[in-house]
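Listing of protein-v5.tsv; format and content: TSV, C-alpha atoms and all ligand atoms.
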chain	number	residue	atom	x	y	z
A	1	MET	CA	20.36	-25.12	-78.79
A	2	GLU	CA	24.01	-24.49	-77.82
A	3	SER	CA	24.42	-23.28	-74.25
A	4	THR	CA	26.04	-20.01	-75.32
A	5	ASP	CA	23.23	-19.39	-77.83
A	6	LEU	CA	20.63	-20.01	-75.14
A	7	MET	CA	22.31	-17.63	-72.70
A	8	ASN	CA	22.69	-14.99	-75.42
A	9	ILE	CA	19.00	-15.25	-76.24
A	10	ILE	CA	18.04	-14.94	-72.58
A	11	GLN	CA	20.38	-12.01	-72.02
A	12	GLY	CA	18.64	-10.09	-74.81
A	13	ILE	CA	15.08	-10.60	-73.58
A	14	PRO	CA	13.66	-7.46	-71.90
A	15	LYS	CA	12.65	-8.85	-68.51
A	16	ALA	CA	10.55	-7.97	-65.48
A	17	GLU	CA	11.38	-9.28	-62.01
A	18	LEU	CA	8.34	-9.52	-59.72
A	19	HIS	CA	9.57	-11.76	-56.91
A	20	LEU	CA	12.74	-10.50	-55.29
A	21	HIS	CA	13.50	-9.96	-51.61
A	22	ILE	CA	16.01	-7.14	-51.46
A	23	GLU	CA	17.56	-8.65	-48.32
A	24	GLY	CA	18.05	-11.82	-50.35
A	25	SER	CA	20.21	-9.98	-52.88
A	26	PHE	CA	22.84	-9.33	-50.19
A	27	GLU	CA	26.04	-10.71	-51.72
A	28	PRO	CA	28.67	-11.97	-49.24
A	29	GLU	CA	31.27	-9.49	-50.52
A	30	LEU	CA	28.99	-6.52	-49.77
A	31	MET	CA	27.90	-8.09	-46.48
A	32	PHE	CA	31.52	-8.22	-45.29
A	33	GLN	CA	32.15	-4.67	-46.49
A	34	ILE	CA	29.12	-3.25	-44.65
A	35	ALA	CA	29.83	-5.34	-41.54
A	36	GLU	CA	33.31	-3.87	-41.41
A	37	ARG	CA	32.23	-0.27	-41.73
A	38	ASN	CA	29.57	-0.85	-39.04
A	39	ASN	CA	32.10	-2.53	-36.73
A	40	ILE	CA	30.20	-5.81	-36.74
A	41	THR	CA	32.02	-9.13	-36.64
A	42	LEU	CA	30.30	-11.80	-38.69
A	43	ASP	CA	30.22	-15.38	-37.44
A	44	TYR	CA	32.14	-16.44	-40.56
A	45	GLU	CA	35.83	-15.74	-40.92
A	46	SER	CA	35.80	-15.24	-44.67
A	47	ILE	CA	33.57	-14.73	-47.65
A	48	ASP	CA	34.24	-18.32	-48.69
A	49	ALA	CA	33.31	-19.66	-45.26
A	50	LEU	CA	30.05	-17.75	-45.45
A	51	LYS	CA	29.30	-19.04	-48.94
A	52	LYS	CA	29.94	-22.59	-47.74
A	53	ALA	CA	27.15	-22.17	-45.21
A	54	TYR	CA	24.65	-21.65	-48.03
A	55	LYS	CA	23.35	-25.21	-48.06
A	56	PHE	CA	19.75	-25.59	-47.08
A	57	ASN	CA	17.43	-28.52	-46.50
A	58	ASN	CA	14.29	-26.43	-46.29
A	59	LEU	CA	12.92	-22.88	-46.14
A	60	GLN	CA	13.57	-22.44	-42.41
A	61	GLU	CA	17.28	-23.27	-42.65
A	62	PHE	CA	17.58	-20.60	-45.31
A	63	LEU	CA	15.56	-18.04	-43.37
A	64	ASP	CA	17.80	-18.45	-40.30
A	65	ILE	CA	20.87	-17.46	-42.34
A	66	TYR	CA	19.02	-14.78	-44.30
A	67	TYR	CA	17.84	-13.00	-41.14
A	68	THR	CA	21.34	-13.24	-39.66
A	69	GLY	CA	22.88	-11.69	-42.77
A	70	ALA	CA	20.39	-8.80	-42.67
A	71	GLN	CA	21.60	-7.85	-39.18
A	72	VAL	CA	24.55	-5.93	-40.56
A	73	LEU	CA	22.18	-3.45	-42.23
A	74	LEU	CA	21.97	-0.51	-39.84
A	75	LYS	CA	22.09	2.79	-41.73
A	76	GLU	CA	20.25	4.33	-44.64
A	77	GLU	CA	23.38	4.04	-46.78
A	78	ASP	CA	23.53	0.29	-46.08
A	79	PHE	CA	20.04	-0.19	-47.51
A	80	TYR	CA	20.93	2.11	-50.37
A	81	ASP	CA	24.11	0.19	-51.24
A	82	LEU	CA	22.27	-3.14	-51.02
A	83	THR	CA	19.52	-1.97	-53.35
A	84	TRP	CA	21.84	-0.22	-55.79
A	85	ALA	CA	24.01	-3.33	-56.08
A	86	TYR	CA	20.93	-5.38	-57.00
A	87	LEU	CA	19.72	-2.83	-59.53
A	88	THR	CA	23.04	-2.48	-61.34
A	89	LYS	CA	23.34	-6.27	-61.47
A	90	VAL	CA	19.92	-6.80	-63.02
A	91	HIS	CA	20.43	-3.85	-65.33
A	92	SER	CA	23.37	-5.80	-66.77
A	93	GLN	CA	20.92	-8.66	-67.39
A	94	ASN	CA	18.45	-6.47	-69.33
A	95	VAL	CA	15.85	-6.38	-66.55
A	96	VAL	CA	13.79	-3.26	-67.26
A	97	HIS	CA	11.13	-3.44	-64.53
A	98	VAL	CA	11.32	-4.67	-60.93
A	99	GLU	CA	8.79	-5.17	-58.15
A	100	VAL	CA	10.88	-5.48	-55.01
A	101	PHE	CA	9.98	-6.87	-51.58
A	102	PHE	CA	11.48	-5.62	-48.37
A	103	ASP	CA	10.85	-7.00	-44.88
A	104	PRO	CA	10.43	-4.01	-42.54
A	105	GLN	CA	10.08	-6.20	-39.44
A	106	THR	CA	13.46	-7.84	-40.04
A	107	HIS	CA	14.89	-4.39	-39.33
A	108	THR	CA	12.45	-2.73	-36.92
A	109	GLU	CA	12.72	-5.80	-34.66
A	110	ARG	CA	16.42	-4.98	-34.27
A	111	GLY	CA	15.81	-1.33	-33.52
A	112	VAL	CA	16.42	-0.03	-37.07
A	113	ASP	CA	13.70	2.47	-37.95
A	114	PHE	CA	11.24	1.77	-40.74
A	115	LYS	CA	12.27	5.15	-42.13
A	116	VAL	CA	15.97	4.25	-42.31
A	117	ALA	CA	15.34	1.06	-44.27
A	118	ILE	CA	12.76	2.43	-46.68
A	119	THR	CA	14.61	5.67	-47.39
A	120	GLY	CA	17.78	3.85	-48.44
A	121	ILE	CA	15.83	1.45	-50.65
A	122	TYR	CA	13.68	4.21	-52.16
A	123	LYS	CA	16.63	6.44	-53.05
A	124	ALA	CA	18.35	3.60	-54.91
A	125	LEU	CA	15.14	2.73	-56.78
A	126	GLU	CA	14.67	6.36	-57.81
A	127	LYS	CA	18.27	6.63	-58.98
A	128	ALA	CA	17.80	3.46	-61.05
A	129	LYS	CA	14.67	4.92	-62.58
A	130	GLU	CA	16.56	8.05	-63.63
A	131	GLU	CA	19.91	6.60	-64.61
A	132	LEU	CA	19.23	3.00	-65.62
A	133	HIS	CA	15.66	3.46	-66.88
A	134	ILE	CA	14.42	0.64	-64.66
A	135	SER	CA	10.83	1.19	-63.56
A	136	TYR	CA	9.85	-0.16	-60.17
A	137	ARG	CA	7.22	-0.90	-57.56
A	138	LEU	CA	7.99	-1.47	-53.87
A	139	ILE	CA	6.22	-4.09	-51.75
A	140	MET	CA	6.53	-4.39	-47.98
A	141	SER	CA	6.17	-7.92	-46.72
A	142	TYR	CA	4.74	-8.93	-43.39
A	143	LEU	CA	6.62	-11.74	-41.66
A	144	ARG	CA	4.15	-14.58	-41.22
A	145	HIS	CA	5.98	-16.14	-38.26
A	146	MET	CA	5.07	-12.99	-36.32
A	147	THR	CA	1.61	-12.06	-35.08
A	148	GLU	CA	-1.08	-10.20	-36.97
A	149	GLU	CA	-0.91	-7.51	-34.31
A	150	GLU	CA	2.76	-6.95	-35.15
A	151	ALA	CA	1.86	-6.73	-38.84
A	152	PHE	CA	-0.70	-4.06	-37.92
A	153	LYS	CA	2.06	-2.10	-36.21
A	154	THR	CA	4.12	-2.29	-39.42
A	155	LEU	CA	1.14	-1.13	-41.46
A	156	GLU	CA	0.85	1.86	-39.12
A	157	GLU	CA	4.57	2.64	-39.45
A	158	SER	CA	4.33	2.51	-43.24
A	159	LEU	CA	1.65	5.17	-43.53
A	160	PRO	CA	3.97	8.23	-43.64
A	161	PHE	CA	5.67	6.51	-46.61
A	162	LYS	CA	2.52	5.39	-48.34
A	163	ASP	CA	3.43	7.18	-51.56
A	164	TRP	CA	6.58	5.07	-51.88
A	165	ILE	CA	4.87	1.73	-51.28
A	166	HIS	CA	2.67	0.01	-53.83
A	167	GLY	CA	1.71	-3.20	-52.14
A	168	VAL	CA	2.02	-5.59	-49.24
A	169	GLY	CA	3.15	-9.20	-49.25
A	170	LEU	CA	3.45	-12.11	-46.85
A	171	ASP	CA	6.67	-14.09	-46.48
A	172	SER	CA	8.85	-16.10	-44.06
A	173	SER	CA	8.01	-19.50	-42.51
A	174	GLU	CA	4.97	-20.79	-44.35
A	175	VAL	CA	3.84	-24.07	-42.81
A	176	GLY	CA	1.76	-23.41	-39.70
A	177	ASN	CA	1.28	-19.74	-40.62
A	178	PRO	CA	-1.58	-19.81	-43.12
A	179	PRO	CA	-2.76	-16.71	-44.99
A	180	SER	CA	-5.95	-16.65	-42.88
A	181	LYS	CA	-3.84	-15.58	-39.89
A	182	PHE	CA	-3.45	-12.18	-41.62
A	183	LYS	CA	-7.01	-11.65	-42.84
A	184	GLU	CA	-7.66	-8.41	-41.00
A	185	VAL	CA	-4.34	-6.74	-41.65
A	186	PHE	CA	-4.63	-7.49	-45.36
A	187	LYS	CA	-8.10	-5.97	-45.36
A	188	ALA	CA	-6.77	-2.88	-43.60
A	189	SER	CA	-3.82	-2.71	-46.03
A	190	ALA	CA	-6.18	-2.77	-49.00
A	191	ALA	CA	-8.19	0.02	-47.39
A	192	GLN	CA	-4.99	2.09	-47.40
A	193	GLY	CA	-4.70	1.54	-51.15
A	194	TYR	CA	-2.01	-1.13	-51.10
A	195	LYS	CA	-2.17	-3.96	-53.62
A	196	LEU	CA	-1.99	-7.44	-52.11
A	197	VAL	CA	0.21	-10.46	-52.79
A	198	ALA	CA	1.23	-13.41	-50.64
A	199	HIS	CA	3.65	-16.31	-50.70
A	200	ALA	CA	1.55	-19.46	-50.81
A	201	GLY	CA	2.06	-23.06	-51.84
A	202	GLU	CA	5.87	-22.93	-51.69
A	203	GLU	CA	6.22	-25.46	-48.86
A	204	GLY	CA	2.63	-25.10	-47.72
A	205	PRO	CA	-0.31	-26.98	-49.26
A	206	ALA	CA	-2.66	-25.94	-52.08
A	207	ASP	CA	-5.13	-24.95	-49.34
A	208	TYR	CA	-2.94	-22.00	-48.53
A	209	ILE	CA	-3.27	-20.81	-52.14
A	210	TRP	CA	-7.08	-20.97	-51.80
A	211	GLU	CA	-6.83	-18.96	-48.59
A	212	ALA	CA	-4.61	-16.33	-50.20
A	213	LEU	CA	-7.22	-15.95	-52.95
A	214	ASP	CA	-10.44	-16.23	-50.95
A	215	ILE	CA	-9.48	-14.76	-47.59
A	216	LEU	CA	-6.73	-12.27	-48.41
A	217	ASN	CA	-7.93	-11.32	-51.91
A	218	VAL	CA	-4.44	-11.21	-53.39
A	219	VAL	CA	-3.81	-10.17	-57.00
A	220	ARG	CA	-0.80	-12.50	-57.42
A	221	ILE	CA	0.49	-15.63	-55.77
A	222	ASP	CA	4.18	-15.79	-54.95
A	223	HIS	CA	5.41	-19.30	-55.76
A	224	GLY	CA	2.19	-21.33	-55.94
A	225	ASN	CA	4.11	-24.47	-56.94
A	226	ARG	CA	1.60	-26.73	-55.27
A	227	CYS	CA	-1.41	-25.66	-57.35
A	228	LEU	CA	-1.13	-28.50	-59.86
A	229	SER	CA	-2.21	-31.00	-57.21
A	230	ASP	CA	-5.70	-29.43	-57.23
A	231	ASP	CA	-7.69	-29.31	-60.51
A	232	ALA	CA	-10.33	-26.95	-59.13
A	233	LEU	CA	-7.59	-24.55	-58.08
A	234	VAL	CA	-6.03	-24.66	-61.54
A	235	ASP	CA	-9.46	-23.81	-63.01
A	236	ARG	CA	-9.75	-20.92	-60.61
A	237	LEU	CA	-6.28	-19.57	-61.50
A	238	LEU	CA	-7.16	-19.81	-65.18
A	239	LYS	CA	-10.53	-18.15	-64.76
A	240	GLU	CA	-8.99	-15.17	-62.98
A	241	ASN	CA	-5.79	-15.11	-65.03
A	242	MET	CA	-4.00	-15.19	-61.69
A	243	ALA	CA	-0.23	-14.88	-61.93
A	244	LEU	CA	2.20	-17.18	-60.15
A	245	THR	CA	5.67	-15.75	-59.51
A	246	LEU	CA	7.82	-18.87	-59.60
A	247	CYS	CA	11.45	-19.06	-58.52
A	248	PRO	CA	13.06	-22.23	-59.89
A	249	LEU	CA	16.57	-21.94	-58.41
A	250	SER	CA	15.05	-21.05	-55.03
A	251	ASN	CA	12.84	-24.14	-55.24
A	252	LEU	CA	15.85	-26.28	-56.01
A	253	GLU	CA	18.04	-24.83	-53.23
A	254	LEU	CA	15.25	-25.08	-50.63
A	255	LYS	CA	14.40	-28.65	-51.69
A	256	VAL	CA	10.88	-27.75	-52.76
A	257	ILE	CA	11.86	-29.88	-55.77
A	258	ASP	CA	14.58	-32.54	-56.02
A	259	LYS	CA	15.81	-31.45	-59.42
A	260	LEU	CA	15.01	-28.66	-61.88
A	261	GLU	CA	13.64	-31.22	-64.31
A	262	ASP	CA	10.74	-31.60	-61.85
A	263	HIS	CA	9.87	-27.90	-61.87
A	264	PRO	CA	6.17	-27.37	-62.69
A	265	VAL	CA	6.55	-24.21	-64.80
A	266	ALA	CA	6.37	-25.94	-68.19
A	267	LYS	CA	3.20	-27.82	-67.19
A	268	MET	CA	1.74	-24.56	-65.95
A	269	LEU	CA	2.46	-22.84	-69.27
A	270	ASP	CA	0.86	-25.79	-71.09
A	271	LYS	CA	-2.29	-25.31	-69.08
A	272	GLY	CA	-2.31	-21.59	-69.86
A	273	ILE	CA	-1.54	-20.42	-66.33
A	274	LEU	CA	0.04	-16.96	-66.09
A	275	ALA	CA	3.33	-18.42	-64.86
A	276	THR	CA	6.40	-16.22	-64.49
A	277	ILE	CA	10.04	-16.76	-63.44
A	278	HIS	CA	12.07	-14.75	-60.89
A	279	SER	CA	15.05	-15.07	-58.57
A	280	ASP	CA	13.62	-14.72	-55.00
A	281	ASP	CA	16.93	-14.43	-53.10
A	282	PRO	CA	19.62	-14.44	-55.78
A	283	ALA	CA	22.64	-14.00	-53.49
A	284	TYR	CA	21.69	-17.18	-51.65
A	285	PHE	CA	20.34	-19.38	-54.43
A	286	GLY	CA	23.06	-19.04	-57.05
A	287	GLY	CA	21.43	-16.94	-59.70
A	288	TYR	CA	19.72	-13.76	-60.81
A	289	MET	CA	17.11	-13.56	-63.55
A	290	ASN	CA	19.25	-14.79	-66.44
A	291	GLU	CA	20.48	-17.81	-64.49
A	292	ASN	CA	16.92	-18.70	-63.46
A	293	TYR	CA	15.73	-18.52	-67.06
A	294	TYR	CA	18.79	-20.36	-68.33
A	295	GLU	CA	18.86	-23.27	-65.88
A	296	THR	CA	15.11	-23.77	-66.17
A	297	ALA	CA	15.17	-23.61	-69.97
A	298	LYS	CA	17.96	-26.17	-70.06
A	299	ALA	CA	16.38	-28.57	-67.58
A	300	LEU	CA	12.90	-28.44	-69.14
A	301	ASN	CA	13.95	-27.98	-72.77
A	302	LEU	CA	11.89	-24.82	-73.01
A	303	THR	CA	11.30	-23.57	-76.54
A	304	LYS	CA	11.79	-20.00	-77.72
A	305	ASP	CA	8.01	-19.64	-77.69
A	306	GLN	CA	7.89	-20.67	-74.05
A	307	LEU	CA	10.69	-18.24	-73.14
A	308	GLN	CA	8.78	-15.51	-74.94
A	309	GLN	CA	5.60	-16.44	-73.08
A	310	LEU	CA	7.39	-16.29	-69.72
A	311	ALA	CA	8.75	-12.83	-70.47
A	312	ILE	CA	5.37	-11.56	-71.69
A	313	ASN	CA	3.59	-13.08	-68.69
A	314	ALA	CA	5.81	-11.15	-66.28
A	315	PHE	CA	4.89	-7.80	-67.86
A	316	GLU	CA	1.26	-8.89	-67.99
A	317	ALA	CA	1.35	-9.75	-64.26
A	318	SER	CA	3.18	-6.55	-63.31
A	319	TRP	CA	1.65	-3.42	-61.83
A	320	LEU	CA	2.73	-1.27	-64.75
A	321	SER	CA	0.08	0.81	-66.48
A	322	ASP	CA	-1.63	-0.83	-69.45
A	323	SER	CA	0.27	1.38	-71.88
A	324	HIS	CA	3.64	0.49	-70.35
A	325	LYS	CA	2.75	-3.20	-70.32
A	326	LYS	CA	1.84	-2.99	-73.97
A	327	LYS	CA	5.10	-1.27	-74.86
A	328	HIS	CA	7.23	-3.87	-73.06
A	329	ILE	CA	5.26	-6.78	-74.51
A	330	THR	CA	5.76	-5.35	-78.00
A	331	ASP	CA	9.50	-5.07	-77.25
A	332	VAL	CA	9.59	-8.74	-76.21
A	333	LYS	CA	7.76	-9.82	-79.37
A	334	ASN	CA	10.00	-7.71	-81.61
A	335	TYR	CA	13.05	-9.14	-79.90
A	336	PHE	CA	11.97	-12.72	-80.62
A	337	LEU	CA	11.07	-11.80	-84.21
A	338	SER	CA	14.58	-10.37	-84.63
A	339	LEU	CA	16.05	-13.78	-83.73
A	340	ASN	CA	14.55	-15.44	-86.79
A	401	LIG	O1	11.65	-17.85	-50.45
A	401	LIG	C1	11.14	-17.30	-49.46
A	401	LIG	N1	10.03	-17.80	-48.91
A	401	LIG	C2	9.48	-17.24	-47.84
A	401	LIG	N2	9.97	-16.18	-47.26
A	401	LIG	C3	11.06	-15.62	-47.77
A	401	LIG	N3	11.74	-14.53	-47.38
A	401	LIG	C4	12.75	-14.38	-48.22
A	401	LIG	N4	12.75	-15.36	-49.13
A	401	LIG	C5	11.68	-16.14	-48.87
A	402	ZN	ZN	9.99	-15.14	-51.90

Hey, can you dump this file as structure tokens for me?
Ligand code: HPA
Ligand SMILES: [Zn+2]
Amino acid sequence: MESTDLMNIIQGIPKAELHLHIEGSFEPELMFQIAERNNITLDYESIDALKKAYKFNNLQEFLDIYYTGAQVLLKEEDFYDLTWAYLTKVHSQNVVHVEVFFDPQTHTERGVDFKVAITGIYKALEKAKEELHISYRLIMSYLRHMTEEEAFKTLEESLPFKDWIHGVGLDSSEVGNPPSKFKEVFKASAAQGYKLVAHAGEEGPADYIWEALDILNVVRIDHGNRCLSDDALVDRLLKENMALTLCPLSNLELKVIDKLEDHPVAKMLDKGILATIHSDDPAYFGGYMNENYYETAKALNLTKDQLQQLAINAFEASWLSDSHKKKHITDVKNYFLSLN
């Protein structure tokens, strides 16, 4: 397939994004703009200098820069502008449903109220629902490098906004912070009606994926790259039709893989795993949804059938109602039929 044909096909696919950290969609241009209006001086003298710093050898090197960037977010309008910029961008890529993570502790730790962050994010999501017809779910993520007690405090702070939040996740530095560390707070989160997901098996071992399933009772695994090293785990994922939200360009930039040709998504599809593709932190990893689909398709020679399967899987794995899932899946199928 010609490159332009491939990108045109991908552009037209109705897509769902299920693994996106809103703080990771913070483009340098907007970061400088918000820093200026908040009278904050960034450590980088220009947008280009900041972009040059985006070279990572592992997850932690990325997280250090990502948390620094988030420090310029102080006011509700900052969170609103950040979220709106993401939503208009993905709207231009024909993304019709998003399930967005935010990291409350990244902000409350700095003295920014939970309410300030969530209100800005929520207002942008609602506007996108009305004006761009993008449906959404919102997921608050606990930072796994912090204690379970601190996660409990975040759970408590979230309760007045329970109607705006659909689930909880677990992100940040994986190795040394296994899912089991958060067993009780995940149980308490489920008791509040939140759905559960967790990052597992990105840098951490397959054992962490088992823990996320057995100890946290998650309904999706974020990343899960490492599952193929464990046949029993693959059987388990298949038996439960457990989704993996993979992020190929993130994996490449964080050196989870050496090259995109090594990405496990095609093998996962072959095995029948509910594998899906997303962008994770698009402002830092060089691509939104279309670029993740495109670069992966090119590197792995994905067929149209595989692209269709990836798009369908994402709606299947989403938290949309069954009737909405069905509608979007029909749209995907009709789109691919129209290509013939
Ligand atoms: O890719 C990620 N992994 C873990 N934590 C994160 N927080 C933002 N992005 C990530
Ligand atoms: Zn992530």

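Near Glu157 of chain A, within a cut-off of 12 Å and counting only C-alpha atoms, sit the residues Pro104, Gln105, Thr108, Asp113, Phe114, Lys115, Val116, Ala117, Ile118, Met140, Glu150, Ala151, Phe152, Lys153, Thr154, Leu155, Leu159, Pro160, Phe161, Lys162, Ile165 and Ser189 of chain A, with same-chain residues fewer than 2 positions away left out.
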
Output the selection as a PDB file, in the frame of the given file - C-alpha atoms for each residue.
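out-v1.pdb written:
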ATOM      1  CA  PRO A 104      10.430  -4.010 -42.540  1.00  0.00           C
ATOM      2  CA  GLN A 105      10.080  -6.200 -39.440  1.00  0.00           C
ATOM      3  CA  THR A 108      12.450  -2.730 -36.920  1.00  0.00           C
ATOM      4  CA  ASP A 113      13.700   2.470 -37.950  1.00  0.00           C
ATOM      5  CA  PHE A 114      11.240   1.770 -40.740  1.00  0.00           C
ATOM      6  CA  LYS A 115      12.270   5.150 -42.130  1.00  0.00           C
ATOM      7  CA  VAL A 116      15.970   4.250 -42.310  1.00  0.00           C
ATOM      8  CA  ALA A 117      15.340   1.060 -44.270  1.00  0.00           C
ATOM      9  CA  ILE A 118      12.760   2.430 -46.680  1.00  0.00           C
ATOM     10  CA  MET A 140       6.530  -4.390 -47.980  1.00  0.00           C
ATOM     11  CA  GLU A 150       2.760  -6.950 -35.150  1.00  0.00           C
ATOM     12  CA  ALA A 151       1.860  -6.730 -38.840  1.00  0.00           C
ATOM     13  CA  PHE A 152      -0.700  -4.060 -37.920  1.00  0.00           C
ATOM     14  CA  LYS A 153       2.060  -2.100 -36.210  1.00  0.00           C
ATOM     15  CA  THR A 154       4.120  -2.290 -39.420  1.00  0.00           C
ATOM     16  CA  LEU A 155       1.140  -1.130 -41.460  1.00  0.00           C
ATOM     17  CA  LEU A 159       1.650   5.170 -43.530  1.00  0.00           C
ATOM     18  CA  PRO A 160       3.970   8.230 -43.640  1.00  0.00           C
ATOM     19  CA  PHE A 161       5.670   6.510 -46.610  1.00  0.00           C
ATOM     20  CA  LYS A 162       2.520   5.390 -48.340  1.00  0.00           C
ATOM     21  CA  ILE A 165       4.870   1.730 -51.280  1.00  0.00           C
ATOM     22  CA  SER A 189      -3.820  -2.710 -46.030  1.00  0.00           C
TER      23      SER A 189
END

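Atom pair atom CA of Lys325 of chain A / atom CA of Asn241 of chain A has a distance of 15.6 Å (rounded to one decimal).
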
Could you list, with a cut-off of 12 Å and counting all atoms listed in the file, the residues of chain A near ligand ZN 402 (chain A), each shown with its nearest atom pair and the distance in Å rounded to one decimal, rows sorted by chain and ascending number, as a tab-separated table?
residue	atom	partner	partner_atom	distance
A:Glu17	CA	A:ZN402	ZN	11.8
A:Leu18	CA	A:ZN402	ZN	9.8
A:His19	CA	A:ZN402	ZN	6.1
A:Leu20	CA	A:ZN402	ZN	6.4
A:His21	CA	A:ZN402	ZN	6.3
A:Ile22	CA	A:ZN402	ZN	10.0
A:Glu23	CA	A:ZN402	ZN	10.6
A:Gly24	CA	A:ZN402	ZN	8.9
A:Ser25	CA	A:ZN402	ZN	11.5
A:Leu59	CA	A:ZN402	ZN	10.1
A:Phe62	CA	A:ZN402	ZN	11.4
A:Leu63	CA	A:ZN402	ZN	10.6
A:Tyr66	CA	A:ZN402	ZN	11.8
A:Glu99	CA	A:ZN402	ZN	11.8
A:Val100	CA	A:ZN402	ZN	10.2
A:Phe101	CA	A:ZN402	ZN	8.3
A:Phe102	CA	A:ZN402	ZN	10.3
A:Asp103	CA	A:ZN402	ZN	10.8
A:Ile139	CA	A:ZN402	ZN	11.7
A:Met140	CA	A:ZN402	ZN	12.0
A:Ser141	CA	A:ZN402	ZN	9.7
A:Tyr142	CA	A:ZN402	ZN	11.8
A:Leu143	CA	A:ZN402	ZN	11.3
A:Gly169	CA	A:ZN402	ZN	9.4
A:Leu170	CA	A:ZN402	ZN	8.8
A:Asp171	CA	A:ZN402	ZN	6.4
A:Ser172	CA	A:ZN402	ZN	8.0
A:Ser173	CA	A:ZN402	ZN	10.5
A:Glu174	CA	A:ZN402	ZN	10.7
A:Val197	CA	A:ZN402	ZN	10.9
A:Ala198	CA	A:ZN402	ZN	9.0
A:His199	CA	A:ZN402	ZN	6.6
A:Ala200	CA	A:ZN402	ZN	9.5
A:Gly201	CA	A:ZN402	ZN	11.2
A:Glu202	CA	A:ZN402	ZN	8.8
A:Glu203	CA	A:ZN402	ZN	11.4
A:Ile221	CA	A:ZN402	ZN	10.3
A:Asp222	CA	A:ZN402	ZN	6.6
A:His223	CA	A:ZN402	ZN	7.3
A:Gly224	CA	A:ZN402	ZN	10.7
A:Leu244	CA	A:ZN402	ZN	11.5
A:Thr245	CA	A:ZN402	ZN	8.8
A:Leu246	CA	A:ZN402	ZN	8.8
A:Cys247	CA	A:ZN402	ZN	7.8
A:Pro248	CA	A:ZN402	ZN	11.1
A:Leu249	CA	A:ZN402	ZN	11.5
A:Ser250	CA	A:ZN402	ZN	8.4
A:Asn251	CA	A:ZN402	ZN	10.0
A:Leu254	CA	A:ZN402	ZN	11.3
A:Ile277	CA	A:ZN402	ZN	11.7
A:His278	CA	A:ZN402	ZN	9.2
A:Ser279	CA	A:ZN402	ZN	8.4
A:Asp280	CA	A:ZN402	ZN	4.8
A:Asp281	CA	A:ZN402	ZN	7.1
A:Pro282	CA	A:ZN402	ZN	10.4
A:Tyr284	CA	A:ZN402	ZN	11.9
A:Phe285	CA	A:ZN402	ZN	11.5

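Closest approach to ligand LIG 401 (chain A) from the set A:Arg144, A:Lys127, A:Lys75, A:Arg37 is made by A:Arg144, with distances taken over all atoms listed in the file.
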
From A:Ala275, A:Ala314, A:Ala243, A:Leu260, residue lying nearest Asn292 of chain A [only C-alpha atoms]: A:Leu260

Just the number, please: distance in Å from atom CA of Ile13 of chain A to atom CA of Ala299 of chain A, one decimal. 19.0 Å

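Reported to one decimal place, the separation of atom CA of Gly272 of chain A from atom CA of Met289 of chain A is 21.9 Å.
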
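Of the residues under consideration (A:Asn39, A:Asn8, A:Asn58, A:Asn217), A:Asn217 shows the shortest atom-to-atom contact distance to Ala188 of chain A when counting all atoms listed in the file.
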
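Distances from A:Glu61, A:Glu261, A:Glu131, A:Glu184 to ligand LIG 401 (chain A) were compared using all atoms listed in the file, and the smallest one belongs to A:Glu61.
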
Given all atoms listed in the file as the counted atoms, nearest of A:Ala206, A:Leu307, A:Ala317, A:Val175 to ligand LIG 401 (chain A): A:Val175

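Residue nearest ligand LIG 401 (chain A), chosen from A:Lys129, A:Lys327, A:Lys52, A:His145 and counting only C-alpha atoms and all ligand atoms: A:His145.
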
Once you add 5 Å to each side, what are the centre and edge lengths of the axis-aligned box holding all listed atoms of ligand LIG 401 (chain A)? One decimal in Å, as AutoDock Vina command-line options, if you can.
--center_x 11.1 --center_y -16.1 --center_z -48.9 --size_x 13.3 --size_y 13.5 --size_z 13.2

Could you give me, as a PyMOL selection string, the residues that have an atom at most 12 Å away from the point (20.5, -11.0, -74.3) in the coordinates of the file, using only C-alpha atoms? chain A and resi 4-15+91-95+289-291+293-294+332+335-336+338-339

Env of segment 228-237 of chain A: 8 Å cut, atoms = only C-alpha atoms, seq-sep filter 3 positions within chain, self excluded. Answer as an NGL selection string. :A and (206 or 210 or 225 or 240-243 or 264 or 268 or 273)

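Taking all atoms listed in the file, the non-local environment of Glu211 of chain A within 7 Å (same-chain residues fewer than 5 positions away omitted) comprises Pro179, Ser180 and Leu216 of chain A.
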
So that I can see what lies close to Leu50 of chain A, please list as a short mmCIF file (atom, residue, chain, number, x, y, z; two decimals) with C-alpha atoms, in the frame of the given file the residues with an atom at most 12 Å from it, counting only C-alpha atoms and leaving out residues fewer than 2 positions away in the same chain.
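Writing the result to part-v5.cif gives the following:
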data_model
loop_
_atom_site.label_atom_id
_atom_site.label_comp_id
_atom_site.auth_asym_id
_atom_site.auth_seq_id
_atom_site.Cartn_x
_atom_site.Cartn_y
_atom_site.Cartn_z
CA GLU A 27 26.04 -10.71 -51.72
CA PRO A 28 28.67 -11.97 -49.24
CA GLU A 29 31.27 -9.49 -50.52
CA MET A 31 27.90 -8.09 -46.48
CA PHE A 32 31.52 -8.22 -45.29
CA LEU A 42 30.30 -11.80 -38.69
CA ASP A 43 30.22 -15.38 -37.44
CA TYR A 44 32.14 -16.44 -40.56
CA GLU A 45 35.83 -15.74 -40.92
CA SER A 46 35.80 -15.24 -44.67
CA ILE A 47 33.57 -14.73 -47.65
CA ASP A 48 34.24 -18.32 -48.69
CA LYS A 52 29.94 -22.59 -47.74
CA ALA A 53 27.15 -22.17 -45.21
CA TYR A 54 24.65 -21.65 -48.03
CA LYS A 55 23.35 -25.21 -48.06
CA ILE A 65 20.87 -17.46 -42.34
CA TYR A 66 19.02 -14.78 -44.30
CA THR A 68 21.34 -13.24 -39.66
CA GLY A 69 22.88 -11.69 -42.77
CA ALA A 283 22.64 -14.00 -53.49
CA TYR A 284 21.69 -17.18 -51.65
#
